[in-house]
Amino acid sequence: MGWRAIQIWTVLVYLFMFLPIVVVVLLSFNDSQFGSFPMTGVSLRWFEELFQNEAILRALRTSLILGLLTALISTTLGVLASLALVRYNVPFRNAISTVLIAPILVPEVVLAVALLLFLQFLGVHKSFTLLLLGHVIFTLPFVILVVQARLMGIRRDVEEAAMSLGASPVQTFFSITLPLLTPAVAAGALFAFTISFDDITGTLFWKPGGVETVPTQIFAMLRNSISPEINALGSLMIMITAGLPILGMAISRWLSVRKSRQQAK
Amino acid sequence: MSIEAREARQPWILLSPSLTAITLLLFVPLLFILVYSFWLRTAVGDVEPAFSLENWRDAVTDPFYRDILLNTLKIAAITTVVCALMGYPAAYFIARARGNKAFLLLLLMLPFWISYIIRTMSWIYILGTSGALNTTLLWLGLIDEPIQMLYNETTVILGLVHFLLPFMVLNVYVSLEGIDRTLEDAAGSLGATKWQSFLQVVLPLSLPGLAAGSLLCFVLGAGTYITPAVLGGPRDAMFANLVFEAIITQLNWPLGATLSLLLLAVLGTLVMVYNHFLGLGQLMKGLS
């Protein structure tokens with residue numbers, strides 16, 4: 001196979017990945033009643049209808065709160081665990097790492113069933129709490145993997161310098177380590193939020209009746225008929241989920257540029 | 001307490017919240033459903049503690065479950081092979097491209113961030129009776145009325161490939177990047193053609209990445225129930241759909257527990273075999 005053929009193949013693979021996404025965004029601006037082709041005109045009406053749809057707005061609120069809380073808890077746990085793995089000589093490191101990523105090695109359906117049945121047995125019924133616990137356990141390994149990778153790049157001697165100048169470990173953590181950690185923490189939190197915001201497999205098992213997140217709301221709407229509002233919602237979600245990481249990268253770039261400018265002064 | 005002892009305790013303090021959470025919310029629940037799978041559902045619908053092999057007998061011997069399990073493994077296997085065939089050349093291109101690699105990778109990562117349900121649903125707009133493909137074919141005059149292309153095994157595989165392809169490309173890319181380029185030059189200077197040096201040097205060295213990508217595609221593919229629910233017909237149920245049916249629709253929890261453990265056993269064996277030969281380290285490289 002020549003290089004040219006590989007090049008064309010790659011372009012086709014990228015087209016395959018992006019075509020469906022482009023179609024959703026395109027259709028969300030379609031004026032037609034039916035949410036499908038042909039395009040009859042460009043309009044924002046489905047976005048307007050979307051923001052008047054109570055069910056969708058409620059799902060959006062649930063997803064946002066759930067995602068933010070998940071990110072908060074998962075990132076806290078994940079950053080602590082990553083610090084232990086990167087900064088210390090932990091005995092049984094491999095075994096511990098495997099345990100920490102176990103939630104992604106177990107198929108999500110199995111995780112969902114196990115957690116649901118166990119907590120139900122303990123008297124915790126399908127509820128927001130169950131959803132939150134599920135999302136935390138499912139996102140934790142991803143946070144640990146991402147934060148650990150970022151932490152490797154932080155040099156330890158800066159902290160040691162602070163301590164040798166008389167700062168207490170707690171002072172050192174808050175005034176030296178944490179600021180240096182910020183990009184890693186932000187990356188972990190963003191990852192946790194996005195995964196939580198997108199999760200449907202576990203969520204369908206854990207959510208109480210009547211409560212919907214954005215993905216389960218879309219899933220429920222798909223079962224009836226395709227309404228053009230789904231396209232607008234899909235388009236919006238593409239912008240949120242694809243826009244957030246790009247925003248995150250822009251911010252971390254801005255921070256590092258600002259930092260290097262400060263250092264230059 | 002001595003400084004050494006404090007130093008030795010610190011990592012455990014940092015690790016304990018995560019380890020506790022995973023133990024209480026994953027390992028204990030898994031043990032619990034193992035016990036639960038031997039319990040029985042009574043006629044009134046309650047579950048009572050017992051030791052019965054009935055659920056396991058049903059799950060293992062009932063041809064209905066067996067066929068769906070085999071079908072699930074078949075779909076996951078086809079998906080994995082298609083992902084490898086599509087993904088390997090693309091990963092090779094990115095690894096060897098002279099242009100902006102970071103941009104190509106970022107572009108490939110983008111679908112990762114885009115909602116799984118939206119990506120799955122989007123195929124309806126492409127292949128549905130009023131989808132892009134049918135509309136185009138009608139407009140070109142190649143067909144007189146829309147063709148039903150959706151809701152069969154092929155569309156389930158298509159949806160899965162679309163979902164899993166980035167995992168494959170990333171893993172292969174990571175292992176291709178790790179190959180010392182001078183090895184290829186050496187093979188070339190010893191008289192190997194480009195194709196020979198690829199087959200005998202690059203391909204074998206990239207097998208760990210290919211294996212990691214394949215494992216991820218297979219395990220994630222075999223555990224899914226959203227894709228067959230959205231893109232499959234009534235006869236395209238996969239094993240996870242059975243679990244969902246048992247737990248959510250029929251409320252037969254002991255059976256649901258048994259079925260999910262069966263799925264875990266099959267996929268877990270695969271992960272264990274993989275871990276034995278290649279180690280999970282490669283997998284984590286691709287994930288982070």
# chains A, B, ... in the order shown; residues from 1 in each chain; ligands from 1
>>> residues_around(residues="Ala192 in chain A", least_positions_apart="3", cutoff="9 Å", atoms="only C-alpha atoms", output="PyMOL selection string")
chain A and resi 67-68+70-72+74-75+135-136+138-140+142-143+187-189+195-197
>>> write_last_selection(atoms="N, CA, C and O atoms", output="mmCIF file, in the first residue's frame")
data_model
loop_
_atom_site.group_PDB
_atom_site.id
_atom_site.type_symbol
_atom_site.label_atom_id
_atom_site.label_comp_id
_atom_site.auth_asym_id
_atom_site.auth_seq_id
_atom_site.Cartn_x
_atom_site.Cartn_y
_atom_site.Cartn_z
ATOM 1 N N GLY A 67 -23.319 16.500 37.097
ATOM 2 C CA GLY A 67 -21.965 16.570 36.534
ATOM 3 C C GLY A 67 -21.028 17.362 37.433
ATOM 4 O O GLY A 67 -19.894 16.957 37.682
ATOM 5 N N LEU A 68 -21.531 18.492 37.954
ATOM 6 C CA LEU A 68 -20.680 19.338 38.797
ATOM 7 C C LEU A 68 -20.331 18.638 40.104
ATOM 8 O O LEU A 68 -19.172 18.631 40.529
ATOM 9 N N THR A 70 -20.377 15.391 40.681
ATOM 10 C CA THR A 70 -19.501 14.269 40.354
ATOM 11 C C THR A 70 -18.069 14.751 40.184
ATOM 12 O O THR A 70 -17.128 14.166 40.735
ATOM 13 N N ALA A 71 -17.908 15.841 39.420
ATOM 14 C CA ALA A 71 -16.567 16.370 39.164
ATOM 15 C C ALA A 71 -15.901 16.765 40.474
ATOM 16 O O ALA A 71 -14.731 16.463 40.703
ATOM 17 N N LEU A 72 -16.672 17.412 41.353
ATOM 18 C CA LEU A 72 -16.118 17.873 42.625
ATOM 19 C C LEU A 72 -15.596 16.699 43.452
ATOM 20 O O LEU A 72 -14.440 16.677 43.895
ATOM 21 N N SER A 74 -15.205 13.366 42.585
ATOM 22 C CA SER A 74 -14.242 12.509 41.880
ATOM 23 C C SER A 74 -12.864 13.140 41.809
ATOM 24 O O SER A 74 -11.852 12.460 41.975
ATOM 25 N N THR A 75 -12.827 14.442 41.538
ATOM 26 C CA THR A 75 -11.542 15.104 41.400
ATOM 27 C C THR A 75 -10.825 15.153 42.747
ATOM 28 O O THR A 75 -9.621 14.918 42.821
ATOM 29 N N HIS A 135 -21.960 7.693 39.434
ATOM 30 C CA HIS A 135 -21.141 8.529 38.551
ATOM 31 C C HIS A 135 -19.744 8.746 39.131
ATOM 32 O O HIS A 135 -18.761 8.747 38.398
ATOM 33 N N VAL A 136 -19.663 8.910 40.456
ATOM 34 C CA VAL A 136 -18.353 9.113 41.082
ATOM 35 C C VAL A 136 -17.471 7.885 40.851
ATOM 36 O O VAL A 136 -16.335 7.993 40.399
ATOM 37 N N PHE A 138 -17.673 5.602 38.641
ATOM 38 C CA PHE A 138 -17.387 5.349 37.235
ATOM 39 C C PHE A 138 -16.371 6.348 36.670
ATOM 40 O O PHE A 138 -15.573 5.999 35.799
ATOM 41 N N THR A 139 -16.377 7.597 37.179
ATOM 42 C CA THR A 139 -15.467 8.596 36.618
ATOM 43 C C THR A 139 -14.107 8.605 37.320
ATOM 44 O O THR A 139 -13.129 9.054 36.734
ATOM 45 N N LEU A 140 -14.066 8.091 38.560
ATOM 46 C CA LEU A 140 -12.832 8.144 39.351
ATOM 47 C C LEU A 140 -11.580 7.623 38.622
ATOM 48 O O LEU A 140 -10.543 8.289 38.609
ATOM 49 N N PHE A 142 -10.864 7.468 35.479
ATOM 50 C CA PHE A 142 -10.460 8.385 34.406
ATOM 51 C C PHE A 142 -9.735 9.591 34.995
ATOM 52 O O PHE A 142 -8.700 10.026 34.483
ATOM 53 N N VAL A 143 -10.281 10.133 36.094
ATOM 54 C CA VAL A 143 -9.637 11.272 36.751
ATOM 55 C C VAL A 143 -8.234 10.886 37.198
ATOM 56 O O VAL A 143 -7.267 11.611 36.957
ATOM 57 N N ALA A 187 -8.021 19.580 34.482
ATOM 58 C CA ALA A 187 -8.192 18.542 33.467
ATOM 59 C C ALA A 187 -9.009 17.382 34.016
ATOM 60 O O ALA A 187 -9.930 16.883 33.349
ATOM 61 N N GLY A 188 -8.702 16.972 35.255
ATOM 62 C CA GLY A 188 -9.448 15.883 35.873
ATOM 63 C C GLY A 188 -10.916 16.218 36.041
ATOM 64 O O GLY A 188 -11.794 15.422 35.703
ATOM 65 N N ALA A 189 -11.184 17.429 36.536
ATOM 66 C CA ALA A 189 -12.565 17.841 36.774
ATOM 67 C C ALA A 189 -13.346 17.899 35.471
ATOM 68 O O ALA A 189 -14.500 17.454 35.379
ATOM 69 N N ILE A 195 -17.694 13.048 31.271
ATOM 70 C CA ILE A 195 -18.119 11.648 31.293
ATOM 71 C C ILE A 195 -19.458 11.510 32.008
ATOM 72 O O ILE A 195 -20.351 10.798 31.552
ATOM 73 N N SER A 196 -19.606 12.228 33.120
ATOM 74 C CA SER A 196 -20.869 12.179 33.845
ATOM 75 C C SER A 196 -22.007 12.737 32.989
ATOM 76 O O SER A 196 -23.087 12.163 32.901
ATOM 77 N N PHE A 197 -21.747 13.861 32.343
ATOM 78 C CA PHE A 197 -22.761 14.534 31.526
ATOM 79 C C PHE A 197 -23.217 13.646 30.375
ATOM 80 O O PHE A 197 -24.352 13.727 29.924
#
>>> select_by_dssp(residues="range 19-123 of chain B", states="alpha helix (DSSP H)", output="number ranges by chain")
B: 19-22, 28-36, 54-61, 63-96, 101-113, 116-123
>>> residues_around(residues="range 197-210 of chain B", least_positions_apart="3", cutoff="9 Å", atoms="only C-alpha atoms", output="short mmCIF file (atom, residue, chain, number, x, y, z; two decimals) with all heavy atoms, in the first residue's frame")
data_model
loop_
_atom_site.label_atom_id
_atom_site.label_comp_id
_atom_site.auth_asym_id
_atom_site.auth_seq_id
_atom_site.Cartn_x
_atom_site.Cartn_y
_atom_site.Cartn_z
N ALA B 84 -10.02 -2.48 13.64
CA ALA B 84 -8.59 -2.68 13.39
C ALA B 84 -8.26 -2.35 11.93
O ALA B 84 -7.29 -1.65 11.65
CB ALA B 84 -8.18 -4.11 13.73
N TYR B 88 -6.00 0.95 11.88
CA TYR B 88 -4.55 0.79 11.80
C TYR B 88 -3.91 1.73 10.79
O TYR B 88 -2.98 2.48 11.13
CB TYR B 88 -4.16 -0.67 11.54
CG TYR B 88 -2.70 -0.93 11.81
CD1 TYR B 88 -2.28 -1.54 12.99
CD2 TYR B 88 -1.73 -0.51 10.91
CE1 TYR B 88 -0.93 -1.72 13.25
CE2 TYR B 88 -0.38 -0.69 11.15
CZ TYR B 88 0.01 -1.30 12.33
OH TYR B 88 1.34 -1.47 12.59
N MET B 168 -9.27 2.41 19.21
CA MET B 168 -8.33 1.60 18.42
C MET B 168 -7.21 2.48 17.88
O MET B 168 -6.03 2.17 18.06
CB MET B 168 -9.09 0.91 17.28
CG MET B 168 -8.23 0.09 16.37
SD MET B 168 -7.49 -1.32 17.21
CE MET B 168 -8.81 -2.53 17.09
N VAL B 169 -7.58 3.58 17.23
CA VAL B 169 -6.57 4.43 16.59
C VAL B 169 -5.57 4.93 17.65
O VAL B 169 -4.36 4.88 17.44
CB VAL B 169 -7.23 5.61 15.86
CG1 VAL B 169 -6.16 6.49 15.22
CG2 VAL B 169 -8.17 5.11 14.79
N LEU B 170 -6.08 5.39 18.79
CA LEU B 170 -5.20 5.93 19.82
C LEU B 170 -4.20 4.90 20.32
O LEU B 170 -3.01 5.18 20.45
CB LEU B 170 -6.01 6.44 21.00
CG LEU B 170 -6.55 7.85 20.84
CD1 LEU B 170 -7.33 8.24 22.06
CD2 LEU B 170 -5.40 8.82 20.62
N ASN B 171 -4.69 3.68 20.58
CA ASN B 171 -3.80 2.65 21.10
C ASN B 171 -2.73 2.25 20.09
O ASN B 171 -1.57 2.09 20.45
CB ASN B 171 -4.60 1.42 21.54
CG ASN B 171 -5.13 1.58 22.94
OD1 ASN B 171 -4.37 1.47 23.89
ND2 ASN B 171 -6.39 1.91 23.07
N VAL B 172 -3.15 2.09 18.83
CA VAL B 172 -2.17 1.72 17.80
C VAL B 172 -1.17 2.87 17.63
O VAL B 172 0.03 2.65 17.54
CB VAL B 172 -2.87 1.40 16.47
CG1 VAL B 172 -1.84 1.16 15.37
CG2 VAL B 172 -3.77 0.19 16.62
N TYR B 173 -1.70 4.10 17.64
CA TYR B 173 -0.83 5.27 17.48
C TYR B 173 0.24 5.31 18.56
O TYR B 173 1.41 5.51 18.27
CB TYR B 173 -1.67 6.56 17.51
CG TYR B 173 -0.83 7.80 17.64
CD1 TYR B 173 -0.20 8.35 16.53
CD2 TYR B 173 -0.63 8.42 18.87
CE1 TYR B 173 0.60 9.47 16.65
CE2 TYR B 173 0.16 9.53 19.01
CZ TYR B 173 0.78 10.07 17.89
OH TYR B 173 1.57 11.16 18.01
N VAL B 174 -0.18 5.08 19.81
CA VAL B 174 0.78 5.14 20.93
C VAL B 174 1.91 4.13 20.71
O VAL B 174 3.09 4.44 20.90
CB VAL B 174 0.06 4.88 22.27
CG1 VAL B 174 1.05 4.63 23.38
CG2 VAL B 174 -0.82 6.06 22.62
N SER B 175 1.57 2.91 20.27
CA SER B 175 2.64 1.92 20.11
C SER B 175 3.48 2.21 18.86
O SER B 175 4.68 1.96 18.86
CB SER B 175 2.08 0.50 20.10
OG SER B 175 1.40 0.25 18.92
N LEU B 176 2.86 2.78 17.81
CA LEU B 176 3.65 3.13 16.62
C LEU B 176 4.64 4.25 16.94
O LEU B 176 5.77 4.25 16.46
CB LEU B 176 2.73 3.57 15.48
CG LEU B 176 2.01 2.48 14.69
CD1 LEU B 176 1.02 3.10 13.72
CD2 LEU B 176 3.00 1.61 13.95
N GLY B 178 6.11 4.70 19.64
CA GLY B 178 7.20 4.20 20.47
C GLY B 178 8.26 3.43 19.70
O GLY B 178 9.28 3.04 20.26
N ILE B 179 8.01 3.19 18.40
CA ILE B 179 8.97 2.38 17.63
C ILE B 179 10.14 3.25 17.16
O ILE B 179 9.94 4.34 16.63
CB ILE B 179 8.28 1.74 16.41
CG1 ILE B 179 7.17 0.80 16.87
CG2 ILE B 179 9.29 0.98 15.56
CD1 ILE B 179 6.37 0.23 15.73
N LEU B 183 15.08 1.57 13.10
CA LEU B 183 14.91 0.14 12.80
C LEU B 183 14.45 -0.07 11.37
O LEU B 183 14.91 -0.95 10.66
CB LEU B 183 13.92 -0.49 13.77
CG LEU B 183 14.40 -0.70 15.20
CD1 LEU B 183 13.27 -1.24 16.06
CD2 LEU B 183 15.58 -1.65 15.23
N GLU B 184 13.50 0.82 10.94
CA GLU B 184 13.00 0.70 9.57
C GLU B 184 14.11 1.02 8.57
O GLU B 184 14.25 0.35 7.54
CB GLU B 184 11.85 1.68 9.36
CG GLU B 184 10.50 1.12 9.75
CD GLU B 184 9.45 2.19 9.68
OE1 GLU B 184 8.87 2.37 8.62
OE2 GLU B 184 9.25 2.89 10.70
N ASP B 185 14.88 2.07 8.89
CA ASP B 185 15.99 2.43 8.01
C ASP B 185 16.98 1.28 7.91
O ASP B 185 17.48 0.96 6.83
CB ASP B 185 16.71 3.68 8.55
CG ASP B 185 15.78 4.87 8.62
OD1 ASP B 185 14.78 4.85 7.89
OD2 ASP B 185 16.06 5.79 9.42
N ALA B 187 16.36 -1.92 8.31
CA ALA B 187 15.78 -2.97 7.47
C ALA B 187 15.93 -2.59 6.00
O ALA B 187 16.27 -3.42 5.16
CB ALA B 187 14.31 -3.16 7.84
N GLY B 188 15.69 -1.29 5.72
CA GLY B 188 15.79 -0.81 4.33
C GLY B 188 17.21 -0.96 3.80
O GLY B 188 17.43 -1.43 2.68
N ALA B 192 15.51 -4.74 2.54
CA ALA B 192 14.08 -5.01 2.62
C ALA B 192 13.31 -3.92 1.87
O ALA B 192 13.70 -2.75 1.90
CB ALA B 192 13.64 -5.04 4.08
N THR B 193 12.23 -4.31 1.20
CA THR B 193 11.38 -3.30 0.57
C THR B 193 10.57 -2.65 1.70
O THR B 193 10.52 -3.14 2.82
CB THR B 193 10.40 -3.93 -0.43
OG1 THR B 193 9.55 -4.82 0.29
CG2 THR B 193 11.14 -4.69 -1.51
N LYS B 194 9.91 -1.51 1.37
CA LYS B 194 9.10 -0.82 2.37
C LYS B 194 8.07 -1.76 2.97
O LYS B 194 7.82 -1.77 4.17
CB LYS B 194 8.37 0.35 1.69
CG LYS B 194 9.26 1.56 1.50
CD LYS B 194 8.52 2.79 2.01
CE LYS B 194 9.50 3.78 2.56
NZ LYS B 194 9.35 5.12 2.08
N GLY B 213 -5.97 -2.00 21.83
CA GLY B 213 -7.13 -1.41 21.16
C GLY B 213 -8.22 -2.44 20.94
O GLY B 213 -9.40 -2.18 21.16
N SER B 214 -7.81 -3.65 20.53
CA SER B 214 -8.79 -4.70 20.25
C SER B 214 -9.51 -5.11 21.53
O SER B 214 -10.74 -5.30 21.53
CB SER B 214 -8.11 -5.93 19.66
OG SER B 214 -7.46 -5.58 18.47
N LEU B 215 -8.76 -5.23 22.62
CA LEU B 215 -9.39 -5.61 23.89
C LEU B 215 -10.44 -4.58 24.28
O LEU B 215 -11.58 -4.94 24.63
CB LEU B 215 -8.34 -5.73 24.99
CG LEU B 215 -8.91 -6.17 26.33
CD1 LEU B 215 -9.18 -7.66 26.33
CD2 LEU B 215 -7.99 -5.82 27.48
N LEU B 278 0.18 -9.62 28.27
CA LEU B 278 0.68 -8.30 27.88
C LEU B 278 0.72 -7.29 29.02
O LEU B 278 1.40 -6.28 28.93
CB LEU B 278 -0.18 -7.75 26.74
CG LEU B 278 -0.04 -8.54 25.42
CD1 LEU B 278 -1.27 -8.40 24.58
CD2 LEU B 278 1.19 -8.08 24.67
N GLN B 282 -0.02 -1.34 29.06
CA GLN B 282 -0.23 -0.86 27.70
C GLN B 282 -1.59 -0.18 27.56
O GLN B 282 -1.75 0.84 26.92
CB GLN B 282 -0.12 -2.04 26.74
CG GLN B 282 -0.31 -1.68 25.28
CD GLN B 282 0.90 -0.95 24.71
OE1 GLN B 282 2.01 -1.22 25.10
NE2 GLN B 282 0.68 -0.03 23.80
N LEU B 283 -2.58 -0.80 28.21
CA LEU B 283 -3.94 -0.30 28.14
C LEU B 283 -4.03 1.10 28.74
O LEU B 283 -4.69 1.98 28.20
CB LEU B 283 -4.84 -1.25 28.94
CG LEU B 283 -6.26 -1.43 28.48
CD1 LEU B 283 -6.28 -1.93 27.07
CD2 LEU B 283 -6.96 -2.41 29.40
N GLY B 286 -2.71 3.95 26.57
CA GLY B 286 -3.62 4.43 25.55
C GLY B 286 -4.76 5.26 26.13
O GLY B 286 -5.34 6.08 25.45
#
>>> residues_around(residues="Trp123 in chain B", least_positions_apart="3", cutoff="12 Å", atoms="only C-alpha atoms", output="number ranges by chain")
A: 16-24, 36; B: 116-120, 126-133, 149-151, 154-163, 227, 230-232
>>> residues_around(residues="Leu216 in chain B", least_positions_apart="5", cutoff="9 Å", atoms="only C-alpha atoms", output="PyMOL selection string")
chain B and resi 80+164+167-168+211+221+283
>>> write_last_selection(atoms="N, CA and C atoms", output="short mmCIF file (atom, residue, chain, number, x, y, z; two decimals), in the first residue's frame")
data_model
loop_
_atom_site.label_atom_id
_atom_site.label_comp_id
_atom_site.auth_asym_id
_atom_site.auth_seq_id
_atom_site.Cartn_x
_atom_site.Cartn_y
_atom_site.Cartn_z
N THR B 80 -14.59 -5.37 16.33
CA THR B 80 -13.16 -5.23 16.62
C THR B 80 -12.33 -5.34 15.35
N LEU B 164 -16.30 3.10 18.80
CA LEU B 164 -15.06 2.52 19.34
C LEU B 164 -13.80 2.81 18.55
N PHE B 167 -10.73 4.59 20.11
CA PHE B 167 -9.95 3.80 21.07
C PHE B 167 -8.88 3.00 20.34
N MET B 168 -9.27 2.41 19.21
CA MET B 168 -8.33 1.60 18.42
C MET B 168 -7.21 2.48 17.88
N ALA B 211 -3.32 -5.00 20.16
CA ALA B 211 -4.00 -5.88 21.12
C ALA B 211 -4.77 -5.06 22.15
N GLY B 221 -17.60 -3.08 23.33
CA GLY B 221 -18.63 -3.45 22.36
C GLY B 221 -19.57 -4.51 22.91
N LEU B 283 -2.58 -0.80 28.21
CA LEU B 283 -3.94 -0.30 28.14
C LEU B 283 -4.03 1.10 28.74
#
>>> interface_residues(of="chain B", to="chain A", cutoff="6 Å", atoms="only C-alpha atoms", output="VMD selection string")
chain B and resid 11 14 to 15 18 29 to 30 33 89 to 90 113 to 115 118 122 130 to 131 223 260 288
>>> write_last_selection(atoms="N, CA and C atoms", output="mmCIF file, in the first residue's frame")
data_model
loop_
_atom_site.group_PDB
_atom_site.id
_atom_site.type_symbol
_atom_site.label_atom_id
_atom_site.label_comp_id
_atom_site.auth_asym_id
_atom_site.auth_seq_id
_atom_site.Cartn_x
_atom_site.Cartn_y
_atom_site.Cartn_z
ATOM 1 N N PRO B 11 0.998 8.232 52.213
ATOM 2 C CA PRO B 11 0.321 7.804 50.974
ATOM 3 C C PRO B 11 -0.960 7.039 51.253
ATOM 4 N N LEU B 14 -3.728 9.404 51.804
ATOM 5 C CA LEU B 14 -4.172 9.983 50.538
ATOM 6 C C LEU B 14 -4.983 8.985 49.710
ATOM 7 N N LEU B 15 -4.574 7.720 49.770
ATOM 8 C CA LEU B 15 -5.246 6.703 48.946
ATOM 9 C C LEU B 15 -6.559 6.222 49.542
ATOM 10 N N SER B 18 -10.215 6.956 48.002
ATOM 11 C CA SER B 18 -10.490 6.287 46.733
ATOM 12 C C SER B 18 -10.631 4.779 46.916
ATOM 13 N N PRO B 29 -20.289 -4.654 46.260
ATOM 14 C CA PRO B 29 -21.485 -4.933 45.448
ATOM 15 C C PRO B 29 -21.330 -6.135 44.513
ATOM 16 N N LEU B 30 -20.134 -6.325 43.945
ATOM 17 C CA LEU B 30 -19.938 -7.483 43.066
ATOM 18 C C LEU B 30 -20.064 -8.784 43.853
ATOM 19 N N ILE B 33 -23.782 -9.341 44.567
ATOM 20 C CA ILE B 33 -24.629 -9.938 43.525
ATOM 21 C C ILE B 33 -24.251 -11.396 43.258
ATOM 22 N N PRO B 89 -4.395 1.740 9.526
ATOM 23 C CA PRO B 89 -3.772 2.660 8.556
ATOM 24 C C PRO B 89 -3.873 4.115 9.001
ATOM 25 N N ALA B 90 -4.997 4.485 9.591
ATOM 26 C CA ALA B 90 -5.154 5.874 10.035
ATOM 27 C C ALA B 90 -4.133 6.212 11.124
ATOM 28 N N TRP B 113 -15.515 13.327 22.941
ATOM 29 C CA TRP B 113 -16.156 14.295 23.823
ATOM 30 C C TRP B 113 -17.607 14.529 23.430
ATOM 31 N N ILE B 114 -17.964 14.037 22.270
ATOM 32 C CA ILE B 114 -19.332 14.283 21.818
ATOM 33 C C ILE B 114 -20.231 13.153 22.284
ATOM 34 N N SER B 115 -21.358 13.550 22.813
ATOM 35 C CA SER B 115 -22.315 12.639 23.402
ATOM 36 C C SER B 115 -22.504 11.342 22.614
ATOM 37 N N ILE B 118 -25.973 10.979 21.109
ATOM 38 C CA ILE B 118 -26.140 11.802 19.906
ATOM 39 C C ILE B 118 -25.432 11.154 18.718
ATOM 40 N N SER B 122 -27.280 9.877 15.438
ATOM 41 C CA SER B 122 -27.032 10.566 14.175
ATOM 42 C C SER B 122 -27.092 9.622 12.970
ATOM 43 N N SER B 130 -35.866 8.839 5.647
ATOM 44 C CA SER B 130 -35.751 10.211 5.150
ATOM 45 C C SER B 130 -34.386 10.783 5.493
ATOM 46 N N GLY B 131 -33.404 9.889 5.604
ATOM 47 C CA GLY B 131 -32.046 10.301 5.948
ATOM 48 C C GLY B 131 -31.269 10.808 4.751
ATOM 49 N N GLY B 223 -20.326 -5.121 25.919
ATOM 50 C CA GLY B 223 -21.070 -4.723 27.110
ATOM 51 C C GLY B 223 -22.136 -3.675 26.846
ATOM 52 N N SER B 260 -25.631 -10.701 34.644
ATOM 53 C CA SER B 260 -24.512 -9.756 34.582
ATOM 54 C C SER B 260 -23.210 -10.405 35.035
ATOM 55 N N SER B 288 -4.608 7.310 28.794
ATOM 56 C CA SER B 288 -4.320 8.618 29.374
ATOM 57 C C SER B 288 -3.622 9.543 28.393
#
>>> closest_residue(among="B:Ile248, B:Ala237, B:Leu165, B:Ala59", to="Thr79 in chain B", atoms="only C-alpha atoms")
B:Leu165
>>> residues_around(residues="Phe239 in chain B", least_positions_apart="2", cutoff="9 Å", atoms="only C-alpha atoms", output="ChimeraX atom specification")
/B:65,68-73,222-225,237,241-244,259-260,263
>>> closest_residue(among="A:Met39, A:Val211, A:Met152, A:Val170", to="Arg61 in chain A", atoms="only C-alpha atoms")
A:Val211
>>> closest_residue(among="B:Phe218, B:Asp62, B:Leu104, B:Ser52", to="Val82 in chain B", atoms="only C-alpha atoms")
B:Phe218
>>> residues_around(residues="Ile154 in chain A", least_positions_apart="5", cutoff="9 Å", atoms="only C-alpha atoms", output="list in words")
Thr177, Leu180 and Leu181 of chain A
>>> write_last_selection(atoms="N, CA and C atoms", output="PDB file, in the first residue's frame")
ATOM      1  N   THR A 177       2.059  23.669  46.112  1.00  0.00           N
ATOM      2  CA  THR A 177       1.613  22.495  45.374  1.00  0.00           C
ATOM      3  C   THR A 177       0.301  22.751  44.626  1.00  0.00           C
ATOM      4  N   LEU A 180       0.460  24.787  41.475  1.00  0.00           N
ATOM      5  CA  LEU A 180       1.118  24.016  40.418  1.00  0.00           C
ATOM      6  C   LEU A 180       0.208  22.907  39.901  1.00  0.00           C
ATOM      7  N   LEU A 181      -0.657  22.426  40.806  1.00  0.00           N
ATOM      8  CA  LEU A 181      -1.546  21.322  40.459  1.00  0.00           C
ATOM      9  C   LEU A 181      -2.724  21.767  39.599  1.00  0.00           C
TER      10      LEU A 181
END
